$ cat work-v1.txt   # compact mmCIF, C-alpha atoms
# COMPACT_ATOMS: atom_id res chain seq x y z
CA MET Y 1 -10.84 -1.18 35.18
CA LYS Y 2 -7.81 1.09 35.39
CA ARG Y 3 -6.14 3.81 33.35
CA TYR Y 4 -2.91 2.90 31.59
CA PRO Y 5 -0.57 4.72 29.18
CA CYS Y 6 -0.72 3.44 25.60
CA SER Y 7 2.50 2.60 23.72
CA GLY Y 8 0.80 2.55 20.32
CA CYS Y 9 2.60 5.70 19.14
CA SER Y 10 4.74 8.56 20.43
CA LEU Y 11 1.75 10.45 21.87
CA LEU Y 12 1.68 7.94 24.78
CA CYS Y 13 -1.93 8.69 25.73
CA ASP Y 14 -2.31 8.18 29.47
CA ASP Y 15 -6.11 8.08 29.59
CA ILE Y 16 -6.75 4.60 28.16
CA ILE Y 17 -9.07 2.49 30.30
CA ILE Y 18 -8.24 -1.23 30.41
CA LYS Y 19 -10.28 -4.05 31.87
CA SER Y 20 -8.10 -7.06 32.60
CA ASP Y 21 -7.98 -10.06 34.90
CA GLY Y 22 -4.18 -10.22 34.74
CA LEU Y 23 -4.26 -12.99 32.15
CA PHE Y 24 -6.18 -11.38 29.28
CA ILE Y 25 -7.26 -7.92 28.23
CA ASP Y 26 -11.06 -7.98 28.18
CA LYS Y 27 -11.84 -4.41 27.13
CA VAL Y 28 -9.99 -1.33 25.84
CA ILE Y 29 -11.76 2.03 26.11
CA GLY Y 30 -10.52 5.30 24.61
CA ALA Y 31 -7.77 3.97 22.34
CA CYS Y 32 -7.47 4.93 18.67
CA LEU Y 33 -6.99 2.33 15.94
CA LYS Y 34 -3.21 2.30 16.47
CA GLY Y 35 -3.66 1.88 20.19
CA LYS Y 36 -6.19 -0.89 19.72
CA GLU Y 37 -3.79 -2.63 17.34
CA ARG Y 38 -1.04 -2.36 19.96
CA PHE Y 39 -3.14 -4.11 22.60
CA ASP Y 40 -4.22 -6.73 20.05
CA GLN Y 41 -0.55 -7.72 19.58
CA VAL Y 42 -0.78 -9.74 22.79
CA SER Y 43 -2.72 -12.47 21.00
CA ALA Y 44 -1.77 -11.69 17.39
CA GLN Y 45 -1.08 -14.56 15.00
CA ASN Y 46 2.37 -13.16 14.14
CA ARG Y 47 3.44 -13.08 17.79
CA ILE Y 48 6.81 -14.70 18.56
CA THR Y 49 6.79 -16.61 21.84
CA SER Y 50 9.88 -18.81 21.57
CA PRO Y 51 13.47 -18.29 20.38
CA MET Y 52 14.48 -19.41 16.90
CA ILE Y 53 17.82 -20.09 15.24
CA ARG Y 54 18.73 -20.80 11.63
CA LYS Y 55 19.87 -24.33 10.79
CA ASN Y 56 20.31 -25.65 7.27
CA ASN Y 57 18.98 -22.31 5.98
CA GLU Y 58 15.74 -22.72 7.93
CA LEU Y 59 14.49 -21.03 11.10
CA ILE Y 60 13.55 -23.55 13.78
CA ASN Y 61 12.42 -23.24 17.39
CA ALA Y 62 15.20 -23.54 19.94
CA SER Y 63 15.70 -23.43 23.68
CA TRP Y 64 16.78 -20.19 25.30
CA GLU Y 65 20.16 -21.68 26.17
CA GLU Y 66 20.79 -22.67 22.57
CA ALA Y 67 19.59 -19.36 21.14
CA LEU Y 68 21.63 -17.26 23.56
CA ALA Y 69 24.71 -19.41 22.94
CA LYS Y 70 24.33 -18.88 19.19
CA THR Y 71 23.90 -15.13 19.74
CA VAL Y 72 27.05 -14.94 21.87
CA GLU Y 73 28.95 -16.94 19.26
CA ILE Y 74 27.98 -14.52 16.48
CA ILE Y 75 28.90 -11.49 18.58
CA LYS Y 76 32.26 -12.92 19.70
CA ASN Y 77 33.15 -13.69 16.08
CA SER Y 78 32.38 -10.10 15.12
CA SER Y 79 34.82 -7.19 15.08
CA ALA Y 80 32.40 -4.48 13.89
CA PRO Y 81 28.89 -5.18 15.23
CA LEU Y 82 26.00 -2.89 14.32
CA LEU Y 83 23.10 -2.24 16.72
CA TYR Y 84 19.98 -0.56 15.38
CA GLY Y 85 16.37 0.13 16.35
CA PHE Y 86 15.65 0.88 20.04
CA SER Y 87 12.68 3.20 19.39
CA ASN Y 88 10.07 0.64 20.50
CA VAL Y 89 11.70 -0.17 23.84
CA THR Y 90 11.98 1.60 27.18
CA CYS Y 91 14.75 4.00 28.17
CA GLU Y 92 16.10 1.30 30.49
CA ALA Y 93 16.42 -1.07 27.51
CA GLN Y 94 18.05 1.69 25.47
CA ARG Y 95 20.64 2.13 28.21
CA ALA Y 96 21.22 -1.64 28.27
CA GLY Y 97 21.69 -1.55 24.47
CA MET Y 98 24.31 1.17 24.82
CA ASP Y 99 26.06 -0.85 27.51
CA LEU Y 100 26.06 -3.85 25.15
CA ALA Y 101 27.46 -1.72 22.31
CA ARG Y 102 30.27 -0.53 24.58
CA GLU Y 103 30.97 -4.08 25.74
CA ILE Y 104 31.34 -5.39 22.18
CA ASN Y 105 32.88 -2.22 20.65
CA GLY Y 106 29.91 -1.67 18.37
CA PHE Y 107 28.04 1.11 16.61
CA ILE Y 108 24.54 1.86 17.92
CA ASP Y 109 21.84 4.07 16.45
CA SER Y 110 18.07 4.45 16.64
CA ASN Y 111 15.25 4.85 14.12
CA ALA Y 112 15.27 8.60 14.78
CA SER Y 113 18.39 9.03 12.63
CA ILE Y 114 16.30 8.00 9.60
CA CYS Y 115 12.77 9.00 10.60
CA GLN Y 116 13.62 12.42 12.00
CA SER Y 117 17.10 12.99 10.54
CA CYS Y 118 20.22 14.15 12.36
CA GLU Y 119 19.25 17.72 11.44
CA ILE Y 120 16.85 17.91 14.38
CA TYR Y 121 19.89 18.31 16.61
CA LEU Y 122 20.94 21.51 14.86
CA TRP Y 123 19.63 23.51 17.80
CA LYS Y 124 22.68 22.44 19.78
CA LYS Y 125 25.04 23.88 17.17
CA GLU Y 126 23.12 26.98 16.03
CA LEU Y 127 24.90 30.14 17.17
CA TYR Y 128 24.05 33.80 17.09
CA LEU Y 129 26.24 36.84 17.77
CA LYS Y 130 25.51 39.02 20.77
CA GLY Y 131 28.12 41.69 21.31
CA GLU Y 132 31.47 39.93 21.11
CA GLU Y 133 30.26 36.47 22.15
CA LEU Y 134 28.54 33.55 20.47
CA PHE Y 135 25.53 31.98 22.18
CA PRO Y 136 23.49 28.89 21.34
CA GLN Y 137 20.42 29.91 19.35
CA GLY Y 138 18.43 27.00 20.68
CA ILE Y 139 15.03 25.83 19.55
CA ASN Y 140 11.63 26.74 20.94
CA ILE Y 141 9.93 23.49 21.89
CA THR Y 142 6.61 23.07 23.61
CA THR Y 143 4.49 20.44 25.34
CA ILE Y 144 1.07 18.99 24.59
CA THR Y 145 -0.29 20.67 27.73
CA GLU Y 146 1.02 24.08 26.63
CA ILE Y 147 -0.55 23.64 23.21
CA ILE Y 148 -3.92 22.77 24.76
CA ASN Y 149 -3.81 25.63 27.25
CA LYS Y 150 -2.23 28.48 25.26
CA VAL Y 151 -1.99 27.96 21.50
CA ASP Y 152 -4.31 29.77 19.10
CA LEU Y 153 -2.41 28.87 15.90
CA ILE Y 154 -1.50 25.32 14.82
CA ILE Y 155 0.50 24.79 11.62
CA LEU Y 156 0.85 21.27 10.21
CA TRP Y 157 3.84 21.38 7.86
CA GLY Y 158 4.26 18.15 5.93
CA ALA Y 159 2.44 16.41 8.78
CA ASN Y 160 -0.65 14.20 8.68
CA PRO Y 161 -1.43 13.42 12.34
CA ALA Y 162 -4.99 12.37 11.52
CA GLU Y 163 -3.50 9.09 10.26
CA THR Y 164 -0.06 8.87 11.87
CA ILE Y 165 -0.91 10.02 15.42
CA PRO Y 166 -4.72 9.87 15.39
CA ARG Y 167 -5.52 11.46 18.77
CA LEU Y 168 -3.11 14.40 18.48
CA LEU Y 169 -5.62 16.75 16.85
CA ASN Y 170 -8.32 15.66 19.31
CA LYS Y 171 -6.07 16.78 22.13
CA VAL Y 172 -4.51 19.98 20.78
CA LEU Y 173 -7.16 21.30 18.38
CA PHE Y 174 -10.52 20.36 19.89
CA SER Y 175 -9.69 20.39 23.62
CA ARG Y 176 -10.45 23.41 25.76
CA GLY Y 177 -7.52 24.60 27.83
CA LYS Y 178 -6.91 26.87 30.80
CA PHE Y 179 -6.46 29.96 28.62
CA ARG Y 180 -8.42 28.70 25.61
CA MET Y 181 -11.82 28.02 27.12
CA THR Y 182 -13.58 28.26 23.75
CA GLY Y 183 -11.42 25.43 22.34
CA ARG Y 184 -11.74 24.82 18.59
CA GLU Y 185 -13.63 28.07 17.95
CA ILE Y 186 -10.63 30.30 18.67
CA LYS Y 187 -7.87 28.06 17.26
CA THR Y 188 -6.71 28.51 13.67
CA LEU Y 189 -5.38 25.51 11.76
CA VAL Y 190 -2.96 25.96 8.85
CA ILE Y 191 -1.90 22.95 6.78
CA ILE Y 192 1.05 23.15 4.37
CA ASP Y 193 1.36 19.99 2.28
CA PRO Y 194 1.84 18.99 -1.36
CA VAL Y 195 -1.08 16.54 -1.16
CA LYS Y 196 -4.51 16.76 0.40
CA THR Y 197 -4.27 14.39 3.36
CA ALA Y 198 -6.84 13.12 5.85
CA SER Y 199 -5.94 16.00 8.20
CA PHE Y 200 -7.57 18.46 5.78
CA ARG Y 201 -10.97 17.01 6.73
CA VAL Y 202 -10.94 18.73 10.15
CA MET Y 203 -10.48 22.21 8.68
CA GLY Y 204 -13.09 24.91 9.26
CA VAL Y 205 -13.97 28.18 7.53
CA ARG Y 206 -11.36 30.20 9.44
CA ASP Y 207 -8.55 27.74 8.68
CA LEU Y 208 -6.00 27.97 5.88
CA ALA Y 209 -5.16 25.11 3.50
CA LEU Y 210 -1.97 25.63 1.48
CA ILE Y 211 -1.19 23.10 -1.24
CA ILE Y 212 2.51 23.65 -1.88
CA GLU Y 213 4.45 22.41 -4.88
CA PRO Y 214 6.67 19.39 -4.10
CA ASP Y 215 10.20 20.25 -2.89
CA LYS Y 216 9.40 23.98 -2.80
CA ASP Y 217 9.18 24.29 1.00
CA ILE Y 218 12.52 26.07 1.13
CA GLU Y 219 11.25 28.77 -1.25
CA LEU Y 220 8.33 29.42 1.07
CA ILE Y 221 10.64 29.61 4.10
CA GLN Y 222 12.97 32.06 2.37
CA MET Y 223 10.08 34.26 1.25
CA LEU Y 224 8.66 34.30 4.79
CA LYS Y 225 12.06 35.34 6.14
CA GLU Y 226 12.30 38.20 3.66
CA GLU Y 227 8.77 39.43 4.26
CA CYS Y 228 8.56 38.63 7.95
CA CYS Y 229 7.79 42.21 8.96
CA SER Y 230 5.74 43.18 5.95
CA ALA Y 231 3.04 41.58 3.87
CA ASP Y 232 3.11 44.37 1.25
CA SER Y 233 5.89 43.12 -1.02
CA ILE Y 234 4.84 39.50 -1.55
CA PRO Y 235 5.37 38.48 -5.20
CA SER Y 236 2.15 38.99 -7.15
CA GLY Y 237 2.48 35.53 -8.69
CA GLY Y 238 2.80 33.86 -5.31
CA VAL Y 239 5.48 31.42 -4.19
CA ALA Y 240 5.74 27.63 -4.52
CA GLY Y 241 2.24 27.32 -5.95
CA ILE Y 242 0.61 29.38 -3.16
CA ASP Y 243 -1.08 32.59 -4.25
CA LYS Y 244 -0.43 36.05 -2.83
CA ASN Y 245 -3.60 36.33 -0.74
CA ASP Y 246 -2.97 33.00 1.04
CA LEU Y 247 0.65 33.99 1.67
CA LYS Y 248 -0.50 37.25 3.20
CA ARG Y 249 -2.90 35.40 5.48
CA LEU Y 250 -0.10 33.01 6.53
CA LEU Y 251 2.18 35.93 7.39
CA LEU Y 252 -0.53 37.63 9.41
CA HIS Y 253 -1.18 34.42 11.34
CA LEU Y 254 2.52 33.90 12.08
CA THR Y 255 3.15 37.45 13.28
CA GLY Y 256 -0.19 38.01 15.00
CA ALA Y 257 -0.75 34.78 16.91
CA GLU Y 258 -0.72 34.96 20.69
CA ASN Y 259 0.89 31.55 20.84
CA GLY Y 260 1.55 29.18 17.95
CA VAL Y 261 3.12 25.83 17.17
CA ILE Y 262 4.53 24.42 13.94
CA ILE Y 263 4.16 20.63 13.83
CA LEU Y 264 6.74 19.22 11.42
CA GLY Y 265 6.29 15.94 9.59
CA GLN Y 266 9.05 13.51 8.70
CA GLY Y 267 9.11 14.43 5.01
CA VAL Y 268 10.26 18.03 5.41
CA ILE Y 269 12.98 17.33 7.98
CA GLN Y 270 14.93 14.89 5.85
CA PRO Y 271 18.37 16.18 4.71
CA HIS Y 272 18.69 17.89 1.33
CA ALA Y 273 21.83 18.28 -0.72
CA ASP Y 274 21.23 21.92 -1.70
CA TYR Y 275 19.80 23.49 1.45
CA ASP Y 276 19.21 23.00 5.16
CA PHE Y 277 15.48 23.21 5.85
CA ILE Y 278 15.72 23.03 9.64
CA GLU Y 279 18.36 25.75 9.81
CA GLU Y 280 16.28 28.04 7.59
CA LEU Y 281 13.16 27.36 9.68
CA LEU Y 282 14.99 28.10 12.93
CA ASP Y 283 16.14 31.41 11.45
CA LEU Y 284 12.55 32.24 10.52
CA LEU Y 285 11.26 31.40 14.00
CA GLN Y 286 13.97 33.54 15.57
CA LEU Y 287 12.90 36.47 13.38
CA ILE Y 288 9.24 36.00 14.24
CA ASN Y 289 9.76 35.49 17.96
CA THR Y 290 12.07 38.52 18.16
CA ARG Y 291 9.25 40.66 16.81
CA GLN Y 292 6.41 38.88 18.57
CA VAL Y 293 4.68 41.12 21.08
CA LYS Y 294 2.02 38.71 22.31
CA GLY Y 295 3.68 35.31 22.52
CA ARG Y 296 5.91 32.92 20.59
CA ILE Y 297 5.97 30.28 17.87
CA SER Y 298 7.30 26.83 18.91
CA LEU Y 299 8.21 23.58 17.16
CA LEU Y 300 6.92 20.06 17.64
CA LEU Y 301 8.51 17.21 15.67
CA LEU Y 302 6.32 14.24 14.80
CA GLY Y 303 7.72 10.81 15.53
CA GLY Y 304 5.94 7.52 15.03
CA HIS Y 305 7.63 4.98 17.33
CA PHE Y 306 6.56 5.36 20.94
CA ASN Y 307 10.03 6.06 22.41
CA MET Y 308 11.84 7.61 19.48
CA ALA Y 309 12.77 10.63 21.61
CA GLY Y 310 14.04 8.54 24.52
CA PHE Y 311 17.18 7.25 22.81
CA ASP Y 312 18.74 10.70 22.62
CA HIS Y 313 17.82 11.56 26.21
CA VAL Y 314 19.53 8.36 27.37
CA ALA Y 315 22.59 8.96 25.17
CA LEU Y 316 22.91 12.55 26.42
CA SER Y 317 22.58 11.59 30.08
CA SER Y 318 24.92 8.58 29.76
CA TYR Y 319 27.58 9.75 27.30
CA GLY Y 320 27.05 13.48 26.78
CA VAL Y 321 26.12 13.17 23.10
CA SER Y 322 22.87 12.47 21.28
CA GLY Y 323 22.15 10.12 18.42
CA LYS Y 324 24.60 7.52 17.17
CA LEU Y 325 27.37 6.11 19.40
CA GLN Y 326 30.57 4.40 18.23
CA PHE Y 327 32.71 2.47 20.71
CA GLU Y 328 36.31 1.31 20.39
CA SER Y 329 38.28 -0.34 23.19
CA LYS Y 330 35.11 0.04 25.27
CA LYS Y 331 35.31 3.84 24.98
CA LEU Y 332 33.15 6.29 23.07
CA VAL Y 333 34.90 7.69 19.99
CA LYS Y 334 33.90 10.34 17.49
CA SER Y 335 32.57 9.01 14.21
CA GLU Y 336 31.18 10.62 11.07
CA ASP Y 337 29.39 7.40 10.15
CA THR Y 338 25.62 7.08 10.13
CA ILE Y 339 23.51 3.95 10.10
CA ILE Y 340 23.03 4.51 6.36
CA SER Y 341 26.75 4.89 5.60
CA LYS Y 342 27.60 1.89 7.78
CA ILE Y 343 25.24 -0.37 5.88
CA ASN Y 344 25.95 1.13 2.45
CA ASN Y 345 29.72 0.73 2.87
CA GLU Y 346 29.24 -2.67 4.52
CA ASN Y 347 31.30 -1.41 7.43
CA PHE Y 348 29.93 -4.06 9.79
CA ASP Y 349 30.11 -7.83 10.11
CA CYS Y 350 26.97 -8.58 12.12
CA SER Y 351 23.85 -6.71 13.18
CA ILE Y 352 21.68 -6.71 16.28
CA ILE Y 353 18.24 -5.33 15.44
CA VAL Y 354 15.97 -4.38 18.34
CA GLY Y 355 12.25 -3.69 17.96
CA THR Y 356 12.17 -2.69 14.29
CA ASP Y 357 11.97 -4.12 10.76
CA PRO Y 358 14.76 -2.61 8.61
CA ILE Y 359 14.41 -5.25 5.88
CA SER Y 360 10.95 -3.83 5.14
CA HIS Y 361 11.68 -0.18 5.87
CA LEU Y 362 15.04 0.38 4.17
CA PRO Y 363 15.56 0.53 0.39
CA HIS Y 364 16.53 -2.78 -1.21
CA SER Y 365 20.05 -1.48 -1.89
CA LEU Y 366 20.57 -1.27 1.89
CA SER Y 367 18.38 -4.10 3.19
CA SER Y 368 20.10 -6.59 0.86
CA LYS Y 369 23.48 -5.66 2.33
CA LEU Y 370 22.10 -5.97 5.85
CA ALA Y 371 20.72 -9.42 5.07
CA LYS Y 372 24.08 -10.70 3.78
CA LYS Y 373 25.71 -10.52 7.22
CA PRO Y 374 24.75 -12.48 10.38
CA LEU Y 375 21.61 -10.88 11.83
CA ILE Y 376 20.23 -11.13 15.36
CA LEU Y 377 16.67 -9.90 15.88
CA ILE Y 378 15.16 -8.98 19.24
CA ASP Y 379 11.43 -8.41 18.73
CA ASN Y 380 7.99 -9.68 19.70
CA HIS Y 381 6.39 -10.35 16.29
CA ASN Y 382 7.25 -11.85 12.93
CA SER Y 383 8.40 -9.54 10.15
CA ALA Y 384 10.47 -9.54 6.99
CA THR Y 385 13.55 -9.13 9.20
CA SER Y 386 12.65 -12.14 11.35
CA ARG Y 387 12.38 -14.33 8.23
CA LEU Y 388 15.98 -13.49 7.28
CA ALA Y 389 17.49 -13.47 10.78
CA ASP Y 390 20.02 -16.02 12.00
CA VAL Y 391 18.73 -15.75 15.57
CA VAL Y 392 15.33 -14.48 16.74
CA LEU Y 393 14.92 -13.66 20.44
CA PRO Y 394 11.36 -12.81 21.57
CA THR Y 395 10.65 -10.20 24.21
CA ALA Y 396 7.67 -8.92 26.17
CA ILE Y 397 5.47 -6.19 24.68
CA THR Y 398 6.50 -2.93 26.31
CA GLY Y 399 3.68 -1.05 28.03
CA ILE Y 400 1.56 -4.20 28.28
CA GLU Y 401 3.77 -7.06 29.50
CA SER Y 402 6.64 -4.96 30.86
CA SER Y 403 7.03 -1.50 32.36
CA GLY Y 404 9.57 1.28 32.02
CA LEU Y 405 10.20 4.89 31.05
CA ALA Y 406 9.48 6.43 27.65
CA TYR Y 407 9.61 9.99 26.30
CA ARG Y 408 6.52 11.42 24.68
CA ILE Y 409 6.51 13.30 21.37
CA ASP Y 410 6.99 16.59 23.31
CA GLN Y 411 9.97 15.27 25.32
CA VAL Y 412 7.90 14.66 28.46
CA PRO Y 413 8.78 11.41 30.32
CA VAL Y 414 5.93 8.93 30.83
CA GLU Y 415 6.11 5.80 32.97
CA LEU Y 416 4.67 2.80 31.14
CA LYS Y 417 2.96 0.16 33.28
CA LYS Y 418 2.72 -3.60 33.17
CA ILE Y 419 -0.78 -5.02 32.65
CA LEU Y 420 -0.23 -8.72 31.92
CA ASN Y 421 2.43 -11.35 32.44
CA PRO Y 422 4.16 -12.31 29.17
CA PRO Y 423 3.66 -15.82 27.76
CA ASN Y 424 6.32 -18.44 28.53
CA ASN Y 425 8.04 -16.01 30.94
CA ILE Y 426 9.51 -14.09 28.01
CA PRO Y 427 11.99 -11.47 29.28
CA SER Y 428 11.67 -7.75 28.67
CA ASP Y 429 14.06 -6.05 26.23
CA GLU Y 430 16.10 -4.69 29.13
CA GLU Y 431 16.36 -8.10 30.82
CA LEU Y 432 17.39 -9.83 27.59
CA LEU Y 433 20.07 -7.27 26.71
CA ASN Y 434 21.48 -7.50 30.23
CA GLN Y 435 21.52 -11.30 29.93
CA LEU Y 436 23.62 -10.98 26.77
CA ILE Y 437 26.09 -8.71 28.54
CA THR Y 438 26.34 -11.17 31.40
CA LYS Y 439 26.96 -14.13 29.08
CA LEU Y 440 29.56 -12.20 27.08
CA ASN Y 441 31.38 -11.54 30.35
CA GLY Y 442 31.33 -15.20 31.28
CA GLY Y 443 28.57 -14.85 33.85
CA ALA Y 444 29.58 -11.55 35.48
CA LYS Y 445 28.04 -8.32 34.33

$ encode --input "work-v1.txt" --output "structure tokens"
Amino acid sequence: MKRYPCSGCSLLCDDIIIKSDGLFIDKVIGACLKGKERFDQVSAQNRITSPMIRKNNELINASWEEALAKTVEIIKNSSAPLLYGFSNVTCEAQRAGMDLAREINGFIDSNASICQSCEIYLWKKELYLKGEELFPQGINITTITEIINKVDLIILWGANPAETIPRLLNKVLFSRGKFRMTGREIKTLVIIDPVKTASFRVMGVRDLALIIEPDKDIELIQMLKEECCSADSIPSGGVAGIDKNDLKRLLLHLTGAENGVIILGQGVIQPHADYDFIEELLDLLQLINTRQVKGRISLLLLGGHFNMAGFDHVALSSYGVSGKLQFESKKLVKSEDTIISKINNENFDCSIIVGTDPISHLPHSLSSKLAKKPLILIDNHNSATSRLADVVLPTAITGIESSGLAYRIDQVPVELKKILNPPNNIPSDEELLNQLITKLNGGAK
């Protein structure tokens, strides 16, 4: 029995005990339901273990040579290929995907552009005036270890980790750290959400539950900015459905915490036409941290897929930009397009989907347009996307049947390990993407 990291979600727990003989996983100890489900994928009924191609409007099993030849044919007949997904693969596979996009002059983007929104990169553009010069404002981020060891205030804003990242609260709320030896007893939990989620069940008598009116988060942010230094002029009627006394308690927690973290869910960080939530929140944190005597307030962005953060680290290290990449003449070019605008405007003629299921996840107005063009799927299990694909190429399950680097929810790199050999010698995502590059180059990478 050995300890292995779990690729069930972006928390990448590294304390999972696995008993295996190299052929099967006999026992999994310490994993949550999502982690257990991840390990169960090895023998799941919807597992894909052989390539498939579409003939006469029907998907049939094919040899690797035939499937790869069909893939290369689709790509070579394309002038505007679209590559999407890459949040459930290693950083090495993400780099191979970017190399493929450059080779075929394509557009590549990850799930983070939809799940976490491009606004999370505002910290690179935020500026503040100091004397005569402009400086990056930046964003205060933190790590899971810092939260365990130092934090005495945890704010869940539009986040429900009890269901989305089940072990997060176990680690950051109930664990005793180096400077928080009393653990849960000294930590205050604040939840801001329009609905009462499963995370509310862990709240104690000292915690603060704030049921906010839908789409009124910006009003709360603006009020907190105005009253950051004083709790005496809060509107008597409250703000956004939260009464005055609860608002006063929230302000006192924000300004009096020794060390705090705001954990943001995916709902509140989506773009809005009338305001910029992330920009307003960064302004608030700057105000609070400027006046903080004891410590600081940091941000942690929730992400579901296990390597959602990795794509941007790879893009930054490889091409100097984060997020989407557009290539022309095998060179990176600036583009205002997003994955949504590309699909909505049908500005593509084939798609290569890696490790995700956009047919299920995207609205029908977009998924129907994606399905109309030739679609190549690289994944390890059947999905709505696989049923509509023209070519399906199976790969090994990352973190179980293949190894590689991934970035945790707090931007900390974690090395995933191989436990089993994949069935039928299925390649890893990285190996398969590199094979495609080699075949497109006529045998030379």

$ axis_aligned_box --input "work-v1.txt" --around "range 98-115 of chain Y" --padding-each-side "6 Å" --output "JSON"
{"center_x": 22.8, "center_y": 1.8, "center_z": 18.6, "size_x": 32.1, "size_y": 26.4, "size_z": 29.9}

$ closest_residue --input "work-v1.txt" --among "Y:Ser428, Y:Thr182, Y:Ser79, Y:Asn111" --to "Asn307 in chain Y" --atoms "all atoms listed in the file"
Y:Asn111

$ closest_residue --input "work-v1.txt" --among "Y:Ser87, Y:Gln45, Y:Thr385, Y:Ser322" --to "Ser351 in chain Y" --atoms "all atoms listed in the file"
Y:Thr385

$ residues_around --input "work-v1.txt" --residues "Arg201 in chain Y" --least-positions-apart "6" --cutoff "12 Å" --atoms "all atoms listed in the file" --output "list in words"
Asn160, Pro161, Ala162, Glu163, Leu169, Leu189, Ile191, Asp207 and Ala209 of chain Y

$ write_last_selection --input "work-v1.txt" --atoms "C-alpha atoms" --output "short mmCIF file (atom, residue, chain, number, x, y, z; two decimals), in the frame of the given file"
data_model
loop_
_atom_site.label_atom_id
_atom_site.label_comp_id
_atom_site.auth_asym_id
_atom_site.auth_seq_id
_atom_site.Cartn_x
_atom_site.Cartn_y
_atom_site.Cartn_z
CA ASN Y 160 -0.65 14.20 8.68
CA PRO Y 161 -1.43 13.42 12.34
CA ALA Y 162 -4.99 12.37 11.52
CA GLU Y 163 -3.50 9.09 10.26
CA LEU Y 169 -5.62 16.75 16.85
CA LEU Y 189 -5.38 25.51 11.76
CA ILE Y 191 -1.90 22.95 6.78
CA ASP Y 207 -8.55 27.74 8.68
CA ALA Y 209 -5.16 25.11 3.50
#

$ closest_residue --input "work-v1.txt" --among "Y:Ile419, Y:Val412, Y:Leu433, Y:Leu254" --to "Arg3 in chain Y" --atoms "all atoms listed in the file"
Y:Ile419

$ residues_near_point --input "work-v1.txt" --point "(-8.2, -5.2, 31.3)" --cutoff "12 Å" --atoms "all atoms listed in the file" --output "short mmCIF file (atom, residue, chain, number, x, y, z; two decimals) with C-alpha atoms, in the frame of the given file"
data_model
loop_
_atom_site.label_atom_id
_atom_site.label_comp_id
_atom_site.auth_asym_id
_atom_site.auth_seq_id
_atom_site.Cartn_x
_atom_site.Cartn_y
_atom_site.Cartn_z
CA MET Y 1 -10.84 -1.18 35.18
CA LYS Y 2 -7.81 1.09 35.39
CA ARG Y 3 -6.14 3.81 33.35
CA TYR Y 4 -2.91 2.90 31.59
CA ILE Y 16 -6.75 4.60 28.16
CA ILE Y 17 -9.07 2.49 30.30
CA ILE Y 18 -8.24 -1.23 30.41
CA LYS Y 19 -10.28 -4.05 31.87
CA SER Y 20 -8.10 -7.06 32.60
CA ASP Y 21 -7.98 -10.06 34.90
CA GLY Y 22 -4.18 -10.22 34.74
CA LEU Y 23 -4.26 -12.99 32.15
CA PHE Y 24 -6.18 -11.38 29.28
CA ILE Y 25 -7.26 -7.92 28.23
CA ASP Y 26 -11.06 -7.98 28.18
CA LYS Y 27 -11.84 -4.41 27.13
CA VAL Y 28 -9.99 -1.33 25.84
CA ILE Y 29 -11.76 2.03 26.11
CA PHE Y 39 -3.14 -4.11 22.60
CA ILE Y 400 1.56 -4.20 28.28
CA LYS Y 418 2.72 -3.60 33.17
CA ILE Y 419 -0.78 -5.02 32.65
CA LEU Y 420 -0.23 -8.72 31.92
#

$ closest_residue --input "work-v1.txt" --among "Y:Phe327, Y:Phe174, Y:Phe86, Y:Trp157" --to "Ala101 in chain Y" --atoms "all atoms listed in the file"
Y:Phe327

$ closest_residue --input "work-v1.txt" --among "Y:Asn77, Y:Ser360, Y:Ser402, Y:Asn421" --to "Glu92 in chain Y" --atoms "all atoms listed in the file"
Y:Ser402

$ closest_residue --input "work-v1.txt" --among "Y:Gly320, Y:Glu66, Y:Phe179, Y:Cys6" --to "Lys36 in chain Y" --atoms "only C-alpha atoms"
Y:Cys6

$ atom_distance --input "work-v1.txt" --atom1 "CA of Met203 in chain Y" --atom2 "CA of Thr145 in chain Y"
21.7 Å

$ residues_near_point --input "work-v1.txt" --point "(5.0, 32.3, -1.2)" --cutoff "9 Å" --atoms "only C-alpha atoms" --output "PyMOL selection string"
chain Y and resi 219-224+234-235+237-244+246-248

$ decode --input "work-v1.txt" --residues "range 391-396 of chain Y" --atoms "N, CA and C atoms" --output "PDB file, in the first residue's frame"
ATOM      1  N   VAL Y 391     -14.160  11.133 -34.981  1.00  0.00           N
ATOM      2  CA  VAL Y 391     -13.070  10.247 -34.572  1.00  0.00           C
ATOM      3  C   VAL Y 391     -12.975  10.302 -33.048  1.00  0.00           C
ATOM      4  N   VAL Y 392     -12.859   9.135 -32.426  1.00  0.00           N
ATOM      5  CA  VAL Y 392     -12.667   9.057 -30.974  1.00  0.00           C
ATOM      6  C   VAL Y 392     -11.359   8.332 -30.713  1.00  0.00           C
ATOM      7  N   LEU Y 393     -10.443   9.004 -30.009  1.00  0.00           N
ATOM      8  CA  LEU Y 393      -9.132   8.429 -29.703  1.00  0.00           C
ATOM      9  C   LEU Y 393      -9.009   8.268 -28.189  1.00  0.00           C
ATOM     10  N   PRO Y 394      -8.954   7.042 -27.690  1.00  0.00           N
ATOM     11  CA  PRO Y 394      -8.870   6.832 -26.236  1.00  0.00           C
ATOM     12  C   PRO Y 394      -7.472   7.096 -25.699  1.00  0.00           C
ATOM     13  N   THR Y 395      -7.419   7.524 -24.447  1.00  0.00           N
ATOM     14  CA  THR Y 395      -6.130   7.755 -23.789  1.00  0.00           C
ATOM     15  C   THR Y 395      -6.171   7.182 -22.377  1.00  0.00           C
ATOM     16  N   ALA Y 396      -4.984   7.077 -21.781  1.00  0.00           N
ATOM     17  CA  ALA Y 396      -4.866   6.571 -20.421  1.00  0.00           C
ATOM     18  C   ALA Y 396      -5.452   7.580 -19.434  1.00  0.00           C
TER      19      ALA Y 396
END
